[in-house]
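K.L.:
Below is one structure. I have some questions about it.
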Amino acid sequence: MRVLDALTADTTAGIIKPGERIPSESELCERHKVARETARRAVRVLRERGTVRTE
């Protein structure tokens, strides 16, 4: 939840603007001290909500 909350806050506050890349999984893991699966899950939830798009 910490990663999800942080990414949501960054997109809402405009720190991450539309069209910009979000931090990589490894960057999220290092920044938030979480496992890679936790970072993946946060990005997956944001993708399902339509907040981010992955390619």
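Following the order of the structure tokens, first chain is A, next is B, and so on, with residues numbered from 1 inside each chain and ligands from 1 in the order they appear.
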Fewer than 4 positions away in the same chain doesn't count, so skip those; otherwise give me all residues within 7 Å of range 22-38 of chain A, counting only C-alpha atoms, as a list in words.
P.N.:
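Here the answer would be Val3, Ile16 and Ala42 of chain A.
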K.L.:
For a quick check of understanding, using only C-alpha atoms, which of A:Ala39, A:Arg21, A:Thr12, A:Asp5 has the smallest distance to Thr54 in chain A?
P.N.:
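With only C-alpha atoms as the atom set, the closest residue is A:Arg21.
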K.L.:
From the DSSP assignment of the backbone, select every residue of chain A that is helix (DSSP H, G or I), and format the answer as a ChimeraX atom specification.
P.N.:
/A:2-12,25-32,36-49
